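**Student:** Below is the file my_file11.cif, which contains mmCIF, C-alpha atoms.
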```cif
data_query
#
loop_
_atom_site.group_PDB
_atom_site.id
_atom_site.type_symbol
_atom_site.label_atom_id
_atom_site.label_comp_id
_atom_site.auth_asym_id
_atom_site.auth_seq_id
_atom_site.Cartn_x
_atom_site.Cartn_y
_atom_site.Cartn_z
ATOM 1 C CA MET L 20 9.116 18.409 -27.646
ATOM 2 C CA ALA L 21 7.996 21.370 -29.758
ATOM 3 C CA GLN L 22 4.473 19.953 -29.788
ATOM 4 C CA THR L 23 4.394 19.825 -25.943
ATOM 5 C CA LYS L 24 5.575 23.457 -25.727
ATOM 6 C CA GLN L 25 2.899 24.501 -28.203
ATOM 7 C CA LYS L 26 0.163 22.703 -26.188
ATOM 8 C CA ARG L 27 1.419 24.351 -22.974
ATOM 9 C CA PHE L 28 1.422 27.762 -24.678
ATOM 10 C CA ILE L 29 -2.159 27.287 -25.925
ATOM 11 C CA LEU L 30 -3.348 26.117 -22.481
ATOM 12 C CA ARG L 31 -1.665 29.062 -20.735
ATOM 13 C CA THR L 32 -3.143 31.488 -23.254
ATOM 14 C CA ILE L 33 -6.646 30.085 -22.680
ATOM 15 C CA ILE L 34 -6.282 30.282 -18.880
ATOM 16 C CA LEU L 35 -4.921 33.825 -19.071
ATOM 17 C CA SER L 36 -7.771 34.867 -21.393
ATOM 18 C CA VAL L 37 -10.373 33.455 -19.011
ATOM 19 C CA LEU L 38 -8.777 35.293 -16.064
ATOM 20 C CA VAL L 39 -8.605 38.586 -17.975
ATOM 21 C CA PHE L 40 -12.259 38.199 -19.023
ATOM 22 C CA ALA L 41 -13.303 37.482 -15.403
ATOM 23 C CA ILE L 42 -11.460 40.542 -14.109
ATOM 24 C CA VAL L 43 -12.868 42.835 -16.806
ATOM 25 C CA TYR L 44 -16.389 41.482 -16.209
ATOM 26 C CA THR L 45 -16.101 42.037 -12.448
ATOM 27 C CA ILE L 46 -14.846 45.594 -12.872
ATOM 28 C CA TYR L 47 -17.582 46.409 -15.405
ATOM 29 C CA ASN L 48 -20.286 44.856 -13.220
ATOM 30 C CA ASN L 49 -19.222 46.802 -10.122
ATOM 31 C CA ALA L 50 -18.905 50.072 -12.037
ATOM 32 C CA THR L 51 -22.347 49.874 -13.651
ATOM 33 C CA LYS L 52 -24.551 48.368 -10.954
ATOM 34 C CA GLU L 53 -26.871 50.686 -9.089
ATOM 35 C CA LYS L 54 -25.752 51.702 -5.680
ATOM 36 C CA VAL L 55 -28.586 50.745 -3.321
ATOM 37 C CA GLU L 56 -28.250 52.530 -0.042
ATOM 38 C CA VAL L 57 -29.023 50.135 2.766
ATOM 39 C CA LEU L 58 -31.251 51.631 5.427
ATOM 40 C CA GLY L 59 -30.346 51.184 9.039
ATOM 41 C CA ILE L 60 -31.662 51.845 12.514
ATOM 42 C CA GLY L 61 -31.845 55.567 13.197
ATOM 43 C CA ASP L 62 -32.193 56.497 9.506
ATOM 44 C CA GLU L 63 -35.071 58.646 8.281
ATOM 45 C CA ALA L 64 -37.665 56.367 6.666
ATOM 46 C CA PRO L 65 -37.930 57.309 2.960
ATOM 47 C CA ASP L 66 -41.274 58.910 2.160
ATOM 48 C CA PHE L 67 -43.559 57.313 -0.413
ATOM 49 C CA THR L 68 -47.147 57.449 -1.599
ATOM 50 C CA LEU L 69 -49.094 54.294 -2.462
ATOM 51 C CA VAL L 70 -52.780 53.615 -3.107
ATOM 52 C CA ASP L 71 -54.875 51.260 -0.971
ATOM 53 C CA LEU L 72 -57.614 48.846 -2.041
ATOM 54 C CA ASN L 73 -60.233 51.624 -1.782
ATOM 55 C CA GLY L 74 -58.298 53.948 -4.103
ATOM 56 C CA GLU L 75 -57.116 56.205 -1.264
ATOM 57 C CA GLU L 76 -53.533 57.490 -1.205
ATOM 58 C CA HIS L 77 -51.330 56.814 1.798
ATOM 59 C CA ARG L 78 -48.217 58.941 2.213
ATOM 60 C CA LEU L 79 -45.804 57.770 4.907
ATOM 61 C CA SER L 80 -45.094 61.367 5.972
ATOM 62 C CA ASP L 81 -48.822 61.812 6.778
ATOM 63 C CA TYR L 82 -48.270 59.440 9.712
ATOM 64 C CA LYS L 83 -45.608 61.634 11.353
ATOM 65 C CA GLY L 84 -46.280 61.826 15.087
ATOM 66 C CA GLN L 85 -47.543 58.235 15.125
ATOM 67 C CA GLY L 86 -45.696 54.949 15.265
ATOM 68 C CA VAL L 87 -45.819 53.079 11.946
ATOM 69 C CA PHE L 88 -45.616 49.312 11.654
ATOM 70 C CA LEU L 89 -44.516 49.109 8.000
ATOM 71 C CA ASN L 90 -44.963 45.527 6.801
ATOM 72 C CA PHE L 91 -43.874 44.243 3.351
ATOM 73 C CA TRP L 92 -45.638 41.050 2.270
ATOM 74 C CA GLY L 93 -47.134 38.897 -0.492
ATOM 75 C CA THR L 94 -50.266 36.720 -0.654
ATOM 76 C CA TRP L 95 -48.162 33.690 -1.665
ATOM 77 C CA CYS L 96 -45.907 34.078 1.411
ATOM 78 C CA LYS L 97 -46.902 31.497 4.063
ATOM 79 C CA PRO L 98 -45.268 33.337 7.018
ATOM 80 C CA CYS L 99 -47.048 36.529 5.877
ATOM 81 C CA ALA L 100 -50.414 34.752 5.932
ATOM 82 C CA LYS L 101 -49.695 33.391 9.415
ATOM 83 C CA GLU L 102 -48.836 36.774 10.946
ATOM 84 C CA MET L 103 -51.559 38.895 9.283
ATOM 85 C CA PRO L 104 -54.443 37.889 11.623
ATOM 86 C CA ALA L 105 -52.230 38.621 14.650
ATOM 87 C CA MET L 106 -51.275 41.987 13.150
ATOM 88 C CA ASP L 107 -54.973 42.772 12.683
ATOM 89 C CA ARG L 108 -55.802 41.942 16.309
ATOM 90 C CA GLN L 109 -52.946 44.110 17.572
ATOM 91 C CA TYR L 110 -53.960 46.915 15.205
ATOM 92 C CA GLU L 111 -57.378 46.976 16.882
ATOM 93 C CA THR L 112 -55.625 47.362 20.252
ATOM 94 C CA PHE L 113 -53.000 49.944 19.263
ATOM 95 C CA LYS L 114 -54.632 52.158 16.589
ATOM 96 C CA GLU L 115 -56.275 54.372 19.236
ATOM 97 C CA GLN L 116 -52.868 54.698 20.932
ATOM 98 C CA GLY L 117 -51.219 56.237 17.873
ATOM 99 C CA VAL L 118 -49.744 53.149 16.205
ATOM 100 C CA GLN L 119 -50.645 52.533 12.568
ATOM 101 C CA ILE L 120 -50.075 49.527 10.343
ATOM 102 C CA LEU L 121 -49.273 50.084 6.709
ATOM 103 C CA ALA L 122 -49.071 46.748 4.891
ATOM 104 C CA VAL L 123 -47.242 47.030 1.557
ATOM 105 C CA ASN L 124 -48.043 44.241 -0.882
ATOM 106 C CA ILE L 125 -45.370 43.621 -3.491
ATOM 107 C CA ALA L 126 -46.723 44.019 -7.035
ATOM 108 C CA GLN L 127 -49.748 41.728 -6.960
ATOM 109 C CA SER L 128 -53.130 42.408 -8.560
ATOM 110 C CA ASP L 129 -55.848 44.272 -6.689
ATOM 111 C CA PHE L 130 -58.019 41.157 -7.046
ATOM 112 C CA GLU L 131 -55.459 38.841 -5.373
ATOM 113 C CA VAL L 132 -54.839 41.262 -2.518
ATOM 114 C CA GLN L 133 -58.570 41.971 -2.001
ATOM 115 C CA GLN L 134 -59.310 38.214 -1.872
ATOM 116 C CA PHE L 135 -56.544 37.738 0.710
ATOM 117 C CA ALA L 136 -57.711 40.690 2.852
ATOM 118 C CA SER L 137 -61.317 39.428 2.752
ATOM 119 C CA GLN L 138 -60.299 35.864 3.580
ATOM 120 C CA TYR L 139 -58.508 37.031 6.742
ATOM 121 C CA GLY L 140 -60.881 39.920 7.583
ATOM 122 C CA LEU L 141 -58.075 42.503 7.651
ATOM 123 C CA ASP L 142 -58.992 46.063 8.677
ATOM 124 C CA PHE L 143 -55.644 47.864 8.534
ATOM 125 C CA PRO L 144 -54.590 49.807 5.417
ATOM 126 C CA ILE L 145 -53.165 47.627 2.643
ATOM 127 C CA VAL L 146 -51.364 49.353 -0.216
ATOM 128 C CA ILE L 147 -49.851 47.798 -3.338
ATOM 129 C CA ASP L 148 -46.341 48.624 -4.552
ATOM 130 C CA LYS L 149 -47.108 47.895 -8.215
ATOM 131 C CA THR L 150 -43.696 49.005 -9.529
ATOM 132 C CA LYS L 151 -41.656 47.627 -6.591
ATOM 133 C CA SER L 152 -40.134 51.096 -6.172
ATOM 134 C CA VAL L 153 -40.853 51.246 -2.425
ATOM 135 C CA MET L 154 -39.528 47.712 -1.955
ATOM 136 C CA GLU L 155 -36.315 48.758 -3.733
ATOM 137 C CA ALA L 156 -36.031 52.036 -1.793
ATOM 138 C CA TYR L 157 -36.262 50.077 1.452
ATOM 139 C CA ASN L 158 -34.033 47.279 0.107
ATOM 140 C CA ILE L 159 -36.565 44.614 1.165
ATOM 141 C CA ASP L 160 -35.551 40.962 1.126
ATOM 142 C CA PRO L 161 -36.956 38.500 2.229
ATOM 143 C CA LEU L 162 -40.711 38.692 2.785
ATOM 144 C CA PRO L 163 -42.098 39.335 5.272
ATOM 145 C CA THR L 164 -39.988 42.265 6.441
ATOM 146 C CA THR L 165 -41.302 44.838 8.881
ATOM 147 C CA LEU L 166 -39.831 48.234 9.707
ATOM 148 C CA LEU L 167 -40.757 49.864 12.977
ATOM 149 C CA ILE L 168 -40.891 53.614 12.428
ATOM 150 C CA ASN L 169 -41.054 55.878 15.462
ATOM 151 C CA PRO L 170 -43.251 59.001 15.710
ATOM 152 C CA GLU L 171 -40.319 61.161 14.513
ATOM 153 C CA GLY L 172 -40.152 59.169 11.250
ATOM 154 C CA LYS L 173 -36.927 57.303 12.083
ATOM 155 C CA ILE L 174 -36.390 53.564 11.673
ATOM 156 C CA GLU L 175 -36.415 52.018 15.115
ATOM 157 C CA GLN L 176 -35.954 48.374 14.112
ATOM 158 C CA ILE L 177 -35.988 46.081 11.058
ATOM 159 C CA VAL L 178 -37.592 42.675 11.530
ATOM 160 C CA ARG L 179 -37.002 40.048 8.845
ATOM 161 C CA GLY L 180 -39.187 36.952 8.853
ATOM 162 C CA GLU L 181 -42.338 35.847 10.611
ATOM 163 C CA MET L 182 -43.421 37.375 13.928
ATOM 164 C CA THR L 183 -45.555 35.906 16.676
ATOM 165 C CA GLU L 184 -48.488 37.860 18.086
ATOM 166 C CA GLN L 185 -46.431 38.498 21.216
ATOM 167 C CA ASP L 186 -43.604 39.929 19.046
ATOM 168 C CA ILE L 187 -46.068 42.166 17.210
ATOM 169 C CA ALA L 188 -47.565 43.516 20.448
ATOM 170 C CA GLY L 189 -44.086 44.244 21.812
ATOM 171 C CA PHE L 190 -43.020 46.015 18.621
ATOM 172 C CA MET L 191 -46.174 48.147 18.568
ATOM 173 C CA GLU L 192 -45.581 49.077 22.192
ATOM 174 C CA GLN L 193 -42.015 50.053 21.260
ATOM 175 C CA ILE L 194 -43.160 52.612 18.639
ATOM 176 C CA ARG L 195 -46.235 53.885 20.527
ATOM 177 C CA PRO L 196 -46.069 57.665 21.017
ATOM 178 C CA GLU L 197 -45.455 58.764 24.605
#
```
What is this structure when it is put down as structure tokens?

**Tutor:**
Amino acid sequence: MAQTKQKRFILRTIILSVLVFAIVYTIYNNATKEKVEVLGIGDEAPDFTLVDLNGEEHRLSDYKGQGVFLNFWGTWCKPCAKEMPAMDRQYETFKEQGVQILAVNIAQSDFEVQQFASQYGLDFPIVIDKTKSVMEAYNIDPLPTTLLINPEGKIEQIVRGEMTEQDIAGFMEQIRPE
């Protein structure tokens, strides 16, 4: 009888210890994790400066007054590769109407990105977020993700996943200056 009580006591102590540890861990984790502000429609798009494949700086705020099709992508991303040629064709149509594409590659080498751009004959500006700081500021997940930024610099829409050429044309029309 005493042996059964002792086993029960040990089991209860172990269970209680595990629960206390889980609670303490959860509280610690929530208290110390970085608070990432999630951007939403109508928010001001955070400014950033990144360098393109030609060594030129692109600052988002320099595009104020134009619509910006801000696309986050990677060379390994199959949906990204599928939509890039369509983006390039629409860029040719809309760039004279005040809509710019800024394609932000996530932390890949200049060589990989240059090979990709050459393979698909891309003409729009491609910048590389080497430190992933812009990706984190915009809370990007998954790739591809595109933010439509209106001429006033506000986020008009957030598109996650692959887009068709028809989608891209419609989105560019949506952010075209009046």

**Student:** Using the chain letters and numbers from the file, which residues does the PyMOL selection byres ((chain L and resi 62) around 12) grab, as a ChimeraX atom specification?

**Tutor:** /L:56-61,63-66,157,166-169,171-177

**Student:** With all atoms listed in the file as the counted atoms, please give the residues lying no more than 12 Å from L:Gln185, apart from itself and same-chain residues fewer than 6 positions off, as a list in words.

**Tutor:** Glu102, Ala105, Met106, Arg108, Gln109, Met191 and Glu192 of chain L

**Student:** Would you mind listing what lies within 7 Å of stretch 77-82 of chain L as a list in words, with all atoms listed in the file counted and same-chain residues fewer than 2 positions away left out?

**Tutor:**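 Result of the neighbour search: Asp66, Phe67, Thr68, Leu69, Val70, Glu75, Gly84 and Gln85 of chain L.
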
**Student:** Please, what distance in Å, to one decimal, runs between atom CA of L:Asp148 and atom CA of L:Gly180?

**Tutor:**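 Here the two named atoms are 19.2 Å from each other.
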
**Student:** Ranking L:Asp107, L:Asn158, L:Ile120, L:Thr94 by minimum distance to L:Pro144 and counting all atoms listed in the file, which one comes first?

**Tutor:** L:Ile120

**Student:** Which residue, L:Tyr110, L:Phe28, L:Phe190, L:Phe40, has the smallest gap to L:Thr165 when you use all atoms listed in the file?

**Tutor:**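 Among the listed residues, L:Phe190 lies closest to L:Thr165.
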
**Student:** For a quick check of understanding, using all atoms listed in the file, which of L:Glu181, L:Asp71, L:Glu197, L:Glu115 has the smallest distance to L:Lys149?

**Tutor:**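 Among the listed residues, L:Asp71 lies closest to L:Lys149.
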
**Student:** Looking at all atoms listed in the file, which of L:Leu72, L:Val118, L:Ile42, L:Ile34 is the one that sits closest to L:Ile187?

**Tutor:**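 Of the candidates, the smallest distance to L:Ile187 is held by L:Val118.
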
**Student:** Measuring atom to atom with all atoms listed in the file, identify which of L:Gly86, L:Pro161, L:Gly140, L:Gly74 is nearest to L:Pro196.

**Tutor:** L:Gly86

**Student:** For stretch 110-115 of chain L, take all atoms listed in the file, fit an axis-aligned box around them, add 6 Å to each of the six sides, then output centre and edge lengths in Å rounded to one decimal, as JSON.

**Tutor:**
```
{"center_x": -55.2, "center_y": 50.6, "center_z": 17.7, "size_x": 16.4, "size_y": 19.5, "size_z": 17.0}
```

**Student:** What residues come out when you apply the PyMOL selection byres ((chain L and resi 126) around 10) to this file, written as JSON, numbers by chain?

**Tutor:** {"L": [92, 93, 123, 124, 125, 127, 128, 129, 132, 146, 147, 148, 149, 150, 151, 152, 154]}

**Student:** For the residues in the current selection, export C-alpha atoms as an mmCIF file, in the frame of the given file.

**Tutor:**
```
data_model
loop_
_atom_site.group_PDB
_atom_site.id
_atom_site.type_symbol
_atom_site.label_atom_id
_atom_site.label_comp_id
_atom_site.auth_asym_id
_atom_site.auth_seq_id
_atom_site.Cartn_x
_atom_site.Cartn_y
_atom_site.Cartn_z
ATOM 1 C CA TRP L 92 -45.638 41.050 2.270
ATOM 2 C CA GLY L 93 -47.134 38.897 -0.492
ATOM 3 C CA VAL L 123 -47.242 47.030 1.557
ATOM 4 C CA ASN L 124 -48.043 44.241 -0.882
ATOM 5 C CA ILE L 125 -45.370 43.621 -3.491
ATOM 6 C CA GLN L 127 -49.748 41.728 -6.960
ATOM 7 C CA SER L 128 -53.130 42.408 -8.560
ATOM 8 C CA ASP L 129 -55.848 44.272 -6.689
ATOM 9 C CA VAL L 132 -54.839 41.262 -2.518
ATOM 10 C CA VAL L 146 -51.364 49.353 -0.216
ATOM 11 C CA ILE L 147 -49.851 47.798 -3.338
ATOM 12 C CA ASP L 148 -46.341 48.624 -4.552
ATOM 13 C CA LYS L 149 -47.108 47.895 -8.215
ATOM 14 C CA THR L 150 -43.696 49.005 -9.529
ATOM 15 C CA LYS L 151 -41.656 47.627 -6.591
ATOM 16 C CA SER L 152 -40.134 51.096 -6.172
ATOM 17 C CA MET L 154 -39.528 47.712 -1.955
#
```

**Student:** Quick one: pull the distance between atom CA of L:Val153 and atom CA of L:Gln133, Å, one decimal.

**Tutor:**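 Value for the atom CA of L:Val153-atom CA of L:Gln133 distance: 20.0 Å.
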